[in-house]
Every structure is written in structure tokens, then in C-alpha cells.
file entry16.cif (mmCIF, C-alpha atoms (C1' of nucleotides))
data_run
loop_
_atom_site.label_atom_id
_atom_site.label_comp_id
_atom_site.auth_asym_id
_atom_site.auth_seq_id
_atom_site.Cartn_x
_atom_site.Cartn_y
_atom_site.Cartn_z
CA MET A 232 22.55 -23.42 16.99
CA LEU A 233 20.41 -21.14 14.88
CA ASN A 234 23.10 -18.53 14.39
CA SER A 235 23.24 -16.32 11.36
CA THR A 236 25.54 -18.55 9.33
CA SER A 237 23.49 -21.70 9.67
CA LEU A 238 20.32 -19.74 8.97
CA ILE A 239 21.70 -18.56 5.65
CA ALA A 240 22.77 -22.09 4.81
CA GLU A 241 19.32 -23.40 5.62
CA ALA A 242 17.72 -20.67 3.54
CA ARG A 243 19.96 -21.43 0.61
CA THR A 244 19.06 -25.11 0.76
CA LYS A 245 15.38 -24.32 0.96
CA LEU A 246 15.55 -21.94 -2.00
CA GLU A 247 17.45 -24.51 -4.02
CA GLY A 248 14.79 -27.14 -3.32
CA TYR A 249 12.02 -24.74 -4.24
CA LEU A 250 13.64 -23.72 -7.53
CA LEU A 251 14.22 -27.34 -8.49
CA LYS A 252 10.69 -28.34 -7.63
CA LYS A 253 9.26 -25.48 -9.68
CA GLY A 254 11.65 -25.93 -12.57
CA LEU A 255 13.13 -22.47 -12.03
CA ARG A 256 16.78 -21.70 -12.63
CA ARG A 257 19.28 -21.44 -9.82
CA SER A 258 20.80 -18.20 -11.04
CA SER A 259 23.60 -16.56 -9.11
CA GLU A 260 21.52 -13.40 -8.78
CA ARG A 261 18.83 -15.21 -6.82
CA PHE A 262 21.29 -16.63 -4.35
CA ALA A 263 23.17 -13.36 -4.02
CA ILE A 264 19.93 -11.55 -3.21
CA LEU A 265 18.96 -14.24 -0.70
CA GLU A 266 22.35 -13.78 0.93
CA GLU A 267 21.85 -10.04 1.25
CA VAL A 268 18.32 -10.45 2.62
CA TYR A 269 19.48 -12.90 5.28
CA SER A 270 22.41 -10.70 6.27
CA ARG A 271 20.07 -7.92 7.38
CA ASP A 272 17.83 -7.65 10.39
CA ASP A 273 15.63 -4.75 9.34
CA HIS A 274 12.50 -4.09 7.31
CA PHE A 275 13.81 -2.92 3.96
CA ASP A 276 12.16 -1.85 0.74
CA ALA A 277 13.05 -2.95 -2.79
CA GLU A 278 15.15 0.14 -3.48
CA GLU A 279 17.22 -0.33 -0.32
CA LEU A 280 17.92 -3.90 -1.33
CA TYR A 281 18.85 -2.74 -4.83
CA GLN A 282 21.29 -0.17 -3.41
CA ALA A 283 22.76 -2.69 -0.97
CA MET A 284 23.42 -5.14 -3.80
CA HIS A 285 25.33 -2.45 -5.66
CA GLN A 286 27.43 -1.56 -2.62
CA ARG A 287 28.22 -5.20 -2.10
CA SER A 288 29.39 -5.06 -5.73
CA PHE A 289 26.95 -7.62 -6.96
CA ALA A 290 25.01 -5.29 -9.20
CA VAL A 291 21.59 -6.52 -10.20
CA SER A 292 18.81 -4.63 -11.91
CA ARG A 293 15.69 -3.44 -10.15
CA ALA A 294 13.66 -5.86 -12.25
CA THR A 295 15.67 -8.76 -10.87
CA VAL A 296 15.26 -7.47 -7.33
CA TYR A 297 11.48 -7.43 -7.74
CA ASN A 298 11.39 -10.76 -9.52
CA THR A 299 13.56 -12.47 -6.92
CA LEU A 300 11.68 -10.97 -3.97
CA GLU A 301 8.52 -12.46 -5.41
CA VAL A 302 10.16 -15.86 -5.64
CA LEU A 303 11.41 -15.59 -2.06
CA VAL A 304 7.95 -14.60 -0.84
CA ASP A 305 6.41 -17.54 -2.71
CA CYS A 306 8.67 -20.02 -0.97
CA HIS A 307 8.18 -18.36 2.41
CA LEU A 308 11.77 -17.27 2.84
CA VAL A 309 10.73 -13.62 2.91
CA ARG A 310 7.69 -11.82 4.24
CA LYS A 311 6.24 -8.84 2.43
CA ASN A 312 4.63 -6.09 4.50
CA GLN A 313 2.51 -3.15 3.48
CA PHE A 314 2.72 -0.81 6.42
CA GLY A 315 0.22 1.96 5.86
CA ASP A 316 2.45 4.65 7.27
CA GLU A 317 3.70 7.77 5.58
CA ASP A 318 5.37 5.90 2.77
CA ASN A 319 1.97 4.76 1.81
CA THR A 320 2.70 2.85 -1.23
CA LYS A 321 5.87 0.84 -0.92
CA SER A 322 6.31 -2.66 0.43
CA ARG A 323 8.81 -3.59 3.08
CA PHE A 324 10.38 -6.99 3.35
CA GLU A 325 11.98 -9.11 6.07
CA LYS A 326 13.51 -12.56 6.26
CA SER A 327 11.14 -15.11 7.72
CA LEU A 328 12.99 -18.38 8.21
CA GLY A 329 13.08 -19.41 11.86
CA ARG A 330 11.12 -16.36 12.93
CA GLN A 331 7.55 -16.64 14.12
CA GLN A 332 4.96 -14.31 12.68
CA HIS A 333 4.67 -11.16 14.73
CA ALA A 334 2.84 -7.88 14.95
CA HIS A 335 4.51 -4.61 13.91
CA LEU A 336 4.52 -1.29 15.70
CA ILE A 337 5.18 1.77 13.58
CA CYS A 338 6.09 5.10 15.11
CA VAL A 339 4.08 7.72 13.24
CA ASN A 340 6.81 10.26 13.96
CA CYS A 341 10.12 8.56 13.19
CA HIS A 342 8.78 5.52 11.27
CA ARG A 343 10.78 3.15 13.43
CA VAL A 344 9.52 -0.42 13.14
CA MET A 345 9.26 -2.64 16.20
CA GLU A 346 8.05 -6.21 16.57
CA PHE A 347 5.86 -7.90 19.10
CA CYS A 348 4.43 -11.38 19.61
CA ASP A 349 1.23 -12.18 21.46
CA PRO A 350 -0.32 -15.65 21.63
CA ARG A 351 -3.79 -14.14 21.90
CA LEU A 352 -3.62 -13.20 18.24
CA GLN A 353 -3.61 -16.89 17.42
CA LEU A 354 -6.82 -17.29 19.42
CA ILE A 355 -8.49 -14.46 17.55
CA LYS A 356 -7.45 -16.03 14.28
CA THR A 357 -9.13 -19.29 15.24
CA THR A 358 -12.29 -17.59 16.42
CA VAL A 359 -12.64 -15.47 13.33
CA GLY A 360 -12.07 -18.42 11.05
CA ASN A 361 -14.79 -20.44 12.76
CA THR A 362 -17.25 -17.60 13.11
CA LEU A 363 -17.12 -16.45 9.52
CA GLN A 364 -16.32 -19.77 7.86
CA PHE A 365 -13.12 -18.33 6.56
CA HIS A 366 -9.92 -20.28 6.11
CA VAL A 367 -7.28 -17.92 7.47
CA GLU A 368 -3.88 -18.30 5.82
CA SER A 369 -1.99 -15.33 7.15
CA HIS A 370 -2.50 -12.04 8.86
CA SER A 371 -1.06 -8.59 9.32
CA LEU A 372 -1.33 -6.70 12.57
CA VAL A 373 0.12 -3.21 12.73
CA PHE A 374 -0.06 -0.74 15.59
CA TYR A 375 0.48 2.93 14.88
CA GLY A 376 1.54 5.29 17.61
CA GLU A 377 4.38 7.21 19.19
CA CYS A 378 7.55 5.52 20.32
CA SER A 379 9.49 6.57 23.41
CA ASP A 380 12.86 7.04 21.78
CA GLU A 381 14.41 10.22 23.24
CA ALA A 382 15.54 11.74 19.98
CA CYS A 383 12.17 11.06 18.37
CA VAL A 384 10.22 12.51 21.29
CA ALA A 385 12.38 15.64 21.34
CA ARG A 386 12.10 16.13 17.59
CA THR A 387 8.35 15.69 17.65
CA LYS A 388 7.94 18.09 20.55
CA ALA A 389 10.01 20.73 18.77
CA ALA A 390 7.99 20.30 15.60
CA ALA A 391 4.72 20.65 17.52
CA GLU A 392 5.90 23.86 19.18
CA ASN A 393 7.02 25.16 15.85
CA ALA A 394 3.61 24.48 14.34
CA ALA A 395 1.82 26.11 17.27
CA MET A 396 3.77 29.31 16.74
CA GLN A 397 2.22 29.95 13.37
CA MET B 30 -32.49 5.46 16.21
CA LEU B 31 -29.19 5.23 14.39
CA ASN B 32 -30.69 4.67 10.97
CA SER B 33 -28.95 5.76 7.82
CA THR B 34 -30.62 9.16 7.60
CA SER B 35 -29.78 10.27 11.10
CA LEU B 36 -26.25 8.97 10.66
CA ILE B 37 -25.76 11.18 7.62
CA ALA B 38 -27.20 14.13 9.51
CA GLU B 39 -24.86 13.52 12.40
CA ALA B 40 -21.92 13.20 10.05
CA ARG B 41 -22.82 16.44 8.31
CA THR B 42 -22.99 18.26 11.63
CA LYS B 43 -19.69 16.85 12.72
CA LEU B 44 -18.00 17.82 9.47
CA GLU B 45 -19.42 21.32 9.72
CA GLY B 46 -18.04 21.70 13.25
CA TYR B 47 -14.65 20.43 12.18
CA LEU B 48 -14.42 22.76 9.19
CA LEU B 49 -15.41 25.76 11.28
CA LYS B 50 -12.94 24.90 14.02
CA LYS B 51 -10.13 24.54 11.50
CA GLY B 52 -11.10 27.61 9.48
CA LEU B 53 -11.75 25.48 6.39
CA ARG B 54 -14.50 26.23 3.91
CA ARG B 55 -17.82 24.46 3.90
CA SER B 56 -17.83 23.86 0.17
CA SER B 57 -20.72 22.03 -1.45
CA GLU B 58 -18.26 19.47 -2.86
CA ARG B 59 -17.18 18.40 0.61
CA PHE B 60 -20.73 17.82 1.77
CA ALA B 61 -21.70 16.06 -1.43
CA ILE B 62 -18.78 13.67 -1.06
CA LEU B 63 -19.65 13.07 2.59
CA GLU B 64 -23.19 12.24 1.51
CA GLU B 65 -21.97 9.70 -1.02
CA VAL B 66 -19.56 8.12 1.44
CA TYR B 67 -22.29 7.70 4.06
CA SER B 68 -24.74 6.28 1.53
CA ARG B 69 -22.50 3.28 0.90
CA ASP B 70 -21.72 0.28 3.04
CA ASP B 71 -18.65 -1.05 1.29
CA HIS B 72 -14.91 -0.51 1.22
CA PHE B 73 -14.35 1.69 -1.80
CA ASP B 74 -11.28 3.24 -3.39
CA ALA B 75 -10.85 6.82 -4.54
CA GLU B 76 -11.64 6.03 -8.15
CA GLU B 77 -14.89 4.28 -7.27
CA LEU B 78 -15.94 7.30 -5.26
CA TYR B 79 -15.00 9.56 -8.15
CA GLN B 80 -17.11 7.49 -10.56
CA ALA B 81 -20.03 7.36 -8.15
CA MET B 82 -20.02 11.14 -7.82
CA HIS B 83 -20.26 11.45 -11.58
CA GLN B 84 -23.16 8.99 -11.78
CA ARG B 85 -24.92 10.90 -9.06
CA SER B 86 -24.39 13.91 -11.37
CA PHE B 87 -22.37 15.85 -8.88
CA ALA B 88 -19.17 15.82 -10.87
CA VAL B 89 -16.05 16.59 -8.87
CA SER B 90 -12.43 16.22 -9.91
CA ARG B 91 -10.17 13.48 -8.69
CA ALA B 92 -8.11 16.09 -6.87
CA THR B 93 -11.15 17.11 -4.86
CA VAL B 94 -11.96 13.49 -4.06
CA TYR B 95 -8.49 12.98 -2.65
CA ASN B 96 -8.47 16.29 -0.82
CA THR B 97 -11.87 15.70 0.74
CA LEU B 98 -11.11 12.13 1.74
CA GLU B 99 -8.09 13.44 3.61
CA VAL B 100 -10.26 15.96 5.44
CA LEU B 101 -12.79 13.27 6.32
CA VAL B 102 -10.06 10.99 7.62
CA ASP B 103 -8.64 13.83 9.72
CA CYS B 104 -11.94 14.42 11.44
CA HIS B 105 -12.53 10.70 11.92
CA LEU B 106 -15.60 10.50 9.69
CA VAL B 107 -13.82 8.11 7.36
CA ARG B 108 -11.27 5.35 7.88
CA LYS B 109 -8.51 4.73 5.39
CA ASN B 110 -7.30 1.15 4.93
CA GLN B 111 -4.31 -0.24 3.10
CA PHE B 112 -5.18 -3.85 2.54
CA GLY B 113 -2.10 -5.57 1.21
CA ASP B 114 -4.00 -7.75 -1.21
CA GLU B 115 -3.70 -7.97 -4.95
CA ASP B 116 -4.40 -4.30 -5.50
CA ASN B 117 -1.29 -3.68 -3.62
CA THR B 118 -1.04 -0.03 -3.76
CA LYS B 119 -4.40 1.61 -3.46
CA SER B 120 -6.22 2.70 -0.34
CA ARG B 121 -9.76 1.71 0.50
CA PHE B 122 -12.09 3.82 2.58
CA GLU B 123 -15.14 3.27 4.75
CA LYS B 124 -17.41 5.47 6.85
CA SER B 125 -16.57 5.29 10.54
CA LEU B 126 -19.20 7.23 12.49
CA GLY B 127 -21.03 4.99 14.92
CA ARG B 128 -19.01 1.95 13.94
CA GLN B 129 -16.43 0.45 16.26
CA GLN B 130 -13.01 -0.34 14.93
CA HIS B 131 -12.84 -3.85 13.54
CA ALA B 132 -10.53 -6.34 11.89
CA HIS B 133 -10.80 -7.08 8.18
CA LEU B 134 -10.78 -10.42 6.42
CA ILE B 135 -9.77 -10.43 2.79
CA CYS B 136 -10.43 -13.38 0.53
CA VAL B 137 -7.27 -13.91 -1.50
CA ASN B 138 -9.38 -15.36 -4.30
CA CYS B 139 -12.34 -13.04 -4.78
CA HIS B 140 -11.08 -10.05 -2.74
CA ARG B 141 -14.29 -9.90 -0.76
CA VAL B 142 -13.89 -7.85 2.41
CA MET B 143 -15.48 -8.98 5.67
CA GLU B 144 -15.40 -7.45 9.10
CA PHE B 145 -14.94 -8.90 12.54
CA CYS B 146 -14.69 -7.54 16.09
CA ASP B 147 -12.85 -9.20 18.95
CA PRO B 148 -12.34 -7.62 22.36
CA ARG B 149 -9.07 -9.50 22.81
CA LEU B 150 -7.44 -7.17 20.31
CA GLN B 151 -7.93 -4.34 22.80
CA LEU B 152 -6.05 -6.39 25.40
CA ILE B 153 -3.17 -7.00 23.03
CA LYS B 154 -3.03 -3.31 22.30
CA THR B 155 -2.69 -2.50 25.99
CA THR B 156 -0.03 -5.14 26.56
CA VAL B 157 2.05 -4.10 23.62
CA GLY B 158 1.92 -0.43 24.62
CA ASN B 159 3.10 -1.21 28.14
CA THR B 160 5.72 -3.74 27.12
CA LEU B 161 7.41 -1.61 24.51
CA GLN B 162 6.69 1.83 25.98
CA PHE B 163 4.76 2.73 22.89
CA HIS B 164 1.73 4.96 22.85
CA VAL B 165 -0.65 3.14 20.52
CA GLU B 166 -3.01 5.43 18.63
CA SER B 167 -4.59 3.08 16.14
CA HIS B 168 -4.16 -0.31 14.58
CA SER B 169 -4.87 -2.37 11.52
CA LEU B 170 -5.60 -6.08 11.66
CA VAL B 171 -6.14 -7.94 8.42
CA PHE B 172 -6.61 -11.66 7.94
CA TYR B 173 -5.94 -13.16 4.51
CA GLY B 174 -7.46 -16.41 3.48
CA GLU B 175 -10.18 -18.17 1.54
CA CYS B 176 -13.82 -17.37 2.00
CA SER B 177 -16.56 -19.98 1.79
CA ASP B 178 -18.73 -18.24 -0.79
CA GLU B 179 -19.93 -20.89 -3.22
CA ALA B 180 -19.20 -19.02 -6.39
CA CYS B 181 -15.73 -18.10 -5.17
CA VAL B 182 -14.91 -21.66 -4.10
CA ALA B 183 -16.09 -23.04 -7.45
CA ARG B 184 -14.16 -20.49 -9.44
CA THR B 185 -11.00 -21.08 -7.43
CA LYS B 186 -11.28 -24.84 -7.80
CA ALA B 187 -11.74 -24.54 -11.55
CA ALA B 188 -8.74 -22.25 -11.83
CA ALA B 189 -6.60 -24.67 -9.82
CA GLU B 190 -7.57 -27.59 -12.03
CA ASN B 191 -6.87 -25.52 -15.08
CA ALA B 192 -3.41 -24.66 -13.79
CA ALA B 193 -2.67 -28.31 -12.92
CA MET B 194 -3.39 -29.38 -16.49
CA GLN B 195 -0.44 -27.46 -17.90
"C1'" DC C 236 -11.83 41.52 -1.44
"C1'" DT C 237 -8.82 37.49 -0.73
"C1'" DA C 238 -7.43 33.26 1.26
"C1'" DG C 239 -8.56 28.93 0.37
"C1'" DC C 240 -10.91 25.54 -2.98
"C1'" DT C 241 -11.61 23.26 -7.33
"C1'" DG C 242 -10.41 21.38 -11.92
"C1'" DC C 243 -7.19 20.07 -15.08
"C1'" DA C 244 -3.24 18.01 -16.56
"C1'" DA C 245 1.31 17.15 -15.79
"C1'" DA C 246 4.55 15.17 -12.44
"C1'" DC C 247 5.77 11.61 -9.14
"C1'" DG C 248 7.29 7.20 -7.17
"C1'" DG C 249 6.94 2.40 -6.59
"C1'" DT C 250 6.21 -1.42 -9.43
"C1'" DT C 251 5.54 -3.97 -13.83
"C1'" DT C 252 6.40 -5.01 -18.53
"C1'" DG C 253 8.41 -5.64 -23.33
"C1'" DC C 254 12.17 -6.75 -25.67
"C1'" DA C 255 17.03 -7.94 -26.76
"C1'" DC C 256 20.71 -10.45 -25.00
"C1'" DA C 257 22.82 -13.81 -21.78
"C1'" DA C 258 23.18 -18.22 -19.50
"C1'" DC C 259 21.19 -22.32 -17.00
"C1'" DG C 260 19.99 -27.13 -17.80
"C1'" DC D 1 19.98 -25.31 -28.27
"C1'" DG D 2 15.68 -24.05 -26.26
"C1'" DT D 3 13.79 -21.99 -22.61
"C1'" DT D 4 14.09 -19.01 -18.77
"C1'" DG D 5 16.39 -15.03 -16.43
"C1'" DT D 6 18.39 -10.56 -16.58
"C1'" DG D 7 18.98 -5.57 -17.72
"C1'" DC D 8 17.30 -1.56 -19.43
"C1'" DA D 9 14.01 1.77 -20.25
"C1'" DA D 10 9.47 2.72 -21.07
"C1'" DA D 11 4.86 2.04 -19.44
"C1'" DC D 12 1.63 1.79 -15.57
"C1'" DC D 13 -1.30 3.29 -12.00
"C1'" DG D 14 -2.62 5.39 -7.75
"C1'" DT D 15 -1.69 9.61 -5.84
"C1'" DT D 16 0.16 14.39 -5.49
"C1'" DT D 17 1.13 18.92 -7.18
"C1'" DG D 18 1.27 23.47 -9.78
"C1'" DC D 19 -1.33 26.71 -11.53
"C1'" DA D 20 -5.30 29.34 -13.33
"C1'" DG D 21 -9.84 30.45 -12.24
"C1'" DC D 22 -13.71 30.38 -8.83
"C1'" DT D 23 -16.13 31.12 -4.39
"C1'" DA D 24 -17.14 31.11 0.47
"C1'" DG D 25 -16.64 34.17 4.23
#
call {"tool": "encode", "arguments": {"input": "entry16.cif", "output": "C-alpha cells"}}
result
Amino acid sequence: MLNSTSLIAEARTKLEGYLLKKGLRRSSERFAILEEVYSRDDHFDAEELYQAMHQRSFAVSRATVYNTLEVLVDCHLVRKNQFGDEDNTKSRFEKSLGRQQHAHLICVNCHRVMEFCDPRLQLIKTTVGNTLQFHVESHSLVFYGECSDEACVARTKAAAENAAMQ
Amino acid sequence: MLNSTSLIAEARTKLEGYLLKKGLRRSSERFAILEEVYSRDDHFDAEELYQAMHQRSFAVSRATVYNTLEVLVDCHLVRKNQFGDEDNTKSRFEKSLGRQQHAHLICVNCHRVMEFCDPRLQLIKTTVGNTLQFHVESHSLVFYGECSDEACVARTKAAAENAAMQ
DNA sequence: CTAGCTGCAAACGGTTTGCACAACG
DNA sequence: CGTTGTGCAAACCGTTTGCAGCTAG
């Protein structure tokens, strides 16, 4: 029953409740951005979201994109990730409603993002909290390596040979 | 036997070997920066290293700090971390020789950095590599939460009460 | 000598901010 | 209507880059 449509509806309801509780305004921009976020299944950055909003002909400013993403992160409808790969600096976002927290795998060659769940991470979290008297709220686990996508492997191999020639 | 002095000596030797192998120059700046890095035990950013070099009256430019840090990361004498805490964007570095890879705990209140090792992470790494046909090269595990340092707890509590009053 | 390094300052790119105008409640 | 949100462009800040000396090899 958790198909895409009902997920968006649930997200909209949750955002509405959060805005009311916090005394924030239910502006059309905020809901339009939520809609866009929940229509995608990837890990996007702020600029990609900005561009997508323009293509969907609901033009919002970059400032509003950043502002709204912060709101959505605060009410746990969106997760913000800082993958330390090539694009060092920028954050990437993903919807979070109905999705358990997971680890990310980043291909250092093609920057593909994959996801992976492992219950042992939960155990580590508990151990570390107890050992160091630290109240763990959230975590980020990222693996860096090489994916096995054919095109990526071929491209990387070619690049390596090219480099060796010099 | 692995006291601080011998660690620095070992690091210097390793850097020298790496520079020779790669045909890079053994400039005094590079060794001076290595020295500073191995004299500290914290997680520092580029600017802090730059400032420390100036206080140690071996003034180098920011460009050289960044350049040298990259060299040191390449030859595995330094680890580069992107903690996604408040200081969103900047990288933090730590010496790596003779230290096993570890997870980091970041206090969301005082930004203290702690370290923690757990062998189960290795197991997850193996599983994830096999499951997704992904050749894992490295990883980053960061826990965010609240530390139990007295001063931090007190400060956070005061801030919360202050916020509630408005 | 001369390729590679350093220093400086300007450029860069993602994000934040200040301010004028618009619109939710 | 008063307060909050939005849009725009400028500011910010960590990092990178271009270029003119400098220096290790």
C-alpha cells in the first residue's frame, strides 16, 4: 500500500502538521518542492532540484530551494548527505519517509550511488554509544570503491591505459 | 617503541620514498608540514594547519598547505575527513601512520570529535562488497549525537531553556 | 639549466544573507 | 495589517588556479 502516490500524500500531511506546529507558513513553494523531492528516487543536489523545478514550470529561486530543503530536513522528510567524493563540497539529498536509514556506496570512478542495509550497523551504534557515553542520534556510513558497471569499468580501464602511456 | 619521535621519523622516511618514486621534489615545506601534522593529535582543517605553521615560524602559503596535504593523503600519511557537521563544507585531516582506520563520533553541540573502532565494520564491508559486486577501497563512518562532557551538557541545556523562553 | 614548487591574489562553486516586495494567517 | 516567505544579487568561505619567481635535482 506504500506506493508512490500515498507516500506523497503522507509526506504532504506530515509537512503540513510540522509547519502548523512551528507556526511556519504553508506556502505553495514548499509543497511544490516536497512534491518534486518525493517524485524522484535519486540522490540529488540543490542545483538539480532547482533545475527540475524550472522544468516542471514551477520556478522557485535558489534561496527558496535551500530554505525549503532545510525545513524538510528538520521535519525528517528529507535526508541530507555529504558524500566526500569528487564533488567534495556539495550536499546531496534524498526523501526519507518510509525508508530505513542505509549505508551508501560511492563509485570513485563514475560517482554512482548505491544503497545497502546491514543490521550489524545498529549493533555498532549501540556499542559505541554505551562505550563512550555518547547519545547517538544519527549516522553516516559511506563506502568508496569501484562498481562493476560495464561501461564504468571499460571507461576506467581506458583512462588507466591512457595515463600509463604518458 | 612507537613513540611520537619514531613515528615522525618513520613518516619522514615514507614521504621521502614516495616523493622519490613519483619524481616529486623533497622540498623543505613538505617536510615541515609533515612534521607539524605528526606533532598534533587532533582533527584539524587546512586553515588551522596554515596558522600553526606560521606560529611555528615556518611560514608557508595556503596553496602549499593544500598541495602538501594532497600529497600526504596520496601516500597514506594523512587521512582526509568530511564530517557533515555544522562546518559543512571544510575537510578535516589527521595523521594515519600506525593508526587503524576508525569511526568518528561528532557531538552536534560542541563539535568534539571522538574515535571508535569496531571489528564488525570490517564484516559489513565484506558483505556489502560481495552483495553488490563492489570493490570497496575505503569507508567513512560517522556517528552524530550528544556527548556527555559536563560543560557541553550544561551549555546545551542552558541554550535550550533560553530558546524555550521565547 | 629546467621542470616542478611556492607565494600571492584572483577566480570558483556551493551556500548564505540582506533587502525589497509579495502573500499567508 | 503584521509578520513571514520569496526572489534577486551580492557576499561568504573553503578550496583551486594562473602566473611570476624560486629551487631542487
call {"tool": "atom_distance", "arguments": {"input": "entry16.cif", "atom1": "atom CA of Phe60 of chain B", "atom2": "atom CA of Arg41 of chain B"}}
result
7.0 Å
call {"tool": "residues_near_point", "arguments": {"input": "entry16.cif", "point": "(-14.8, 26.9, -4.5)", "cutoff": "6 Å", "atoms": "only C-alpha atoms (C1' of nucleotides)", "output": "VMD selection string"}}
result
(chain C and resid 240 to 241) or (chain D and resid 22 to 23)
call {"tool": "resolve_selection", "arguments": {"input": "entry16.cif", "expression": "the PyMOL selection byres ((chain D) within 9 of (chain B))", "output": "PDB file with C-alpha atoms (C1' of nucleotides), keeping the file's coordinate frame"}}
result
ATOM      1  C1'  DC D  13      -1.300   3.290 -12.000  1.00  0.00           C
ATOM      2  C1'  DG D  14      -2.620   5.390  -7.750  1.00  0.00           C
ATOM      3  C1'  DT D  15      -1.690   9.610  -5.840  1.00  0.00           C
ATOM      4  C1'  DT D  16       0.160  14.390  -5.490  1.00  0.00           C
ATOM      5  C1'  DT D  23     -16.130  31.120  -4.390  1.00  0.00           C
ATOM      6  C1'  DA D  24     -17.140  31.110   0.470  1.00  0.00           C
ATOM      7  C1'  DG D  25     -16.640  34.170   4.230  1.00  0.00           C
TER       8       DG D  25
END
call {"tool": "resolve_selection", "arguments": {"input": "entry16.cif", "expression": "the PyMOL selection byres ((chain A and resi 354-359) around 12)", "output": "CSV table (one decimal) with C-alpha atoms, in the coordinates of the input"}}
result
chain,number,residue,atom,x,y,z
A,349,ASP,CA,1.2,-12.2,21.5
A,350,PRO,CA,-0.3,-15.6,21.6
A,351,ARG,CA,-3.8,-14.1,21.9
A,352,LEU,CA,-3.6,-13.2,18.2
A,353,GLN,CA,-3.6,-16.9,17.4
A,360,GLY,CA,-12.1,-18.4,11.0
A,361,ASN,CA,-14.8,-20.4,12.8
A,362,THR,CA,-17.2,-17.6,13.1
A,363,LEU,CA,-17.1,-16.4,9.5
A,364,GLN,CA,-16.3,-19.8,7.9
A,365,PHE,CA,-13.1,-18.3,6.6
A,366,HIS,CA,-9.9,-20.3,6.1
A,367,VAL,CA,-7.3,-17.9,7.5
A,368,GLU,CA,-3.9,-18.3,5.8
A,369,SER,CA,-2.0,-15.3,7.2
A,370,HIS,CA,-2.5,-12.0,8.9
A,371,SER,CA,-1.1,-8.6,9.3
A,372,LEU,CA,-1.3,-6.7,12.6
B,131,HIS,CA,-12.8,-3.8,13.5
B,132,ALA,CA,-10.5,-6.3,11.9
B,133,HIS,CA,-10.8,-7.1,8.2
B,134,LEU,CA,-10.8,-10.4,6.4
B,143,MET,CA,-15.5,-9.0,5.7
B,144,GLU,CA,-15.4,-7.4,9.1
B,145,PHE,CA,-14.9,-8.9,12.5
B,146,CYS,CA,-14.7,-7.5,16.1
B,147,ASP,CA,-12.8,-9.2,19.0
B,148,PRO,CA,-12.3,-7.6,22.4
B,149,ARG,CA,-9.1,-9.5,22.8
B,150,LEU,CA,-7.4,-7.2,20.3
B,151,GLN,CA,-7.9,-4.3,22.8
B,152,LEU,CA,-6.0,-6.4,25.4
B,153,ILE,CA,-3.2,-7.0,23.0
B,170,LEU,CA,-5.6,-6.1,11.7
B,171,VAL,CA,-6.1,-7.9,8.4
B,172,PHE,CA,-6.6,-11.7,7.9
B,173,TYR,CA,-5.9,-13.2,4.5
B,174,GLY,CA,-7.5,-16.4,3.5
B,176,CYS,CA,-13.8,-17.4,2.0
call {"tool": "resolve_selection", "arguments": {"input": "entry16.cif", "expression": "the PyMOL selection byres ((chain A and resi 270) around 10)", "output": "VMD selection string"}}
result
chain A and resid 235 to 236 238 to 239 264 to 269 271 to 273 326
call {"tool": "residues_around", "arguments": {"input": "entry16.cif", "residues": "Phe275 of chain A", "least_positions_apart": "4", "cutoff": "7 Å", "atoms": "all atoms listed in the file", "output": "list in words"}}
result
Glu279, Leu280, Arg323, Phe324 and Glu325 of chain A
call {"tool": "interface_residues", "arguments": {"input": "entry16.cif", "of": "chain C", "to": "chain B", "cutoff": "10 Å", "atoms": "all atoms listed in the file", "output": "list in words"}}
result
DG239, DC240, DT241, DG242, DC243, DG249 and DT250 of chain C
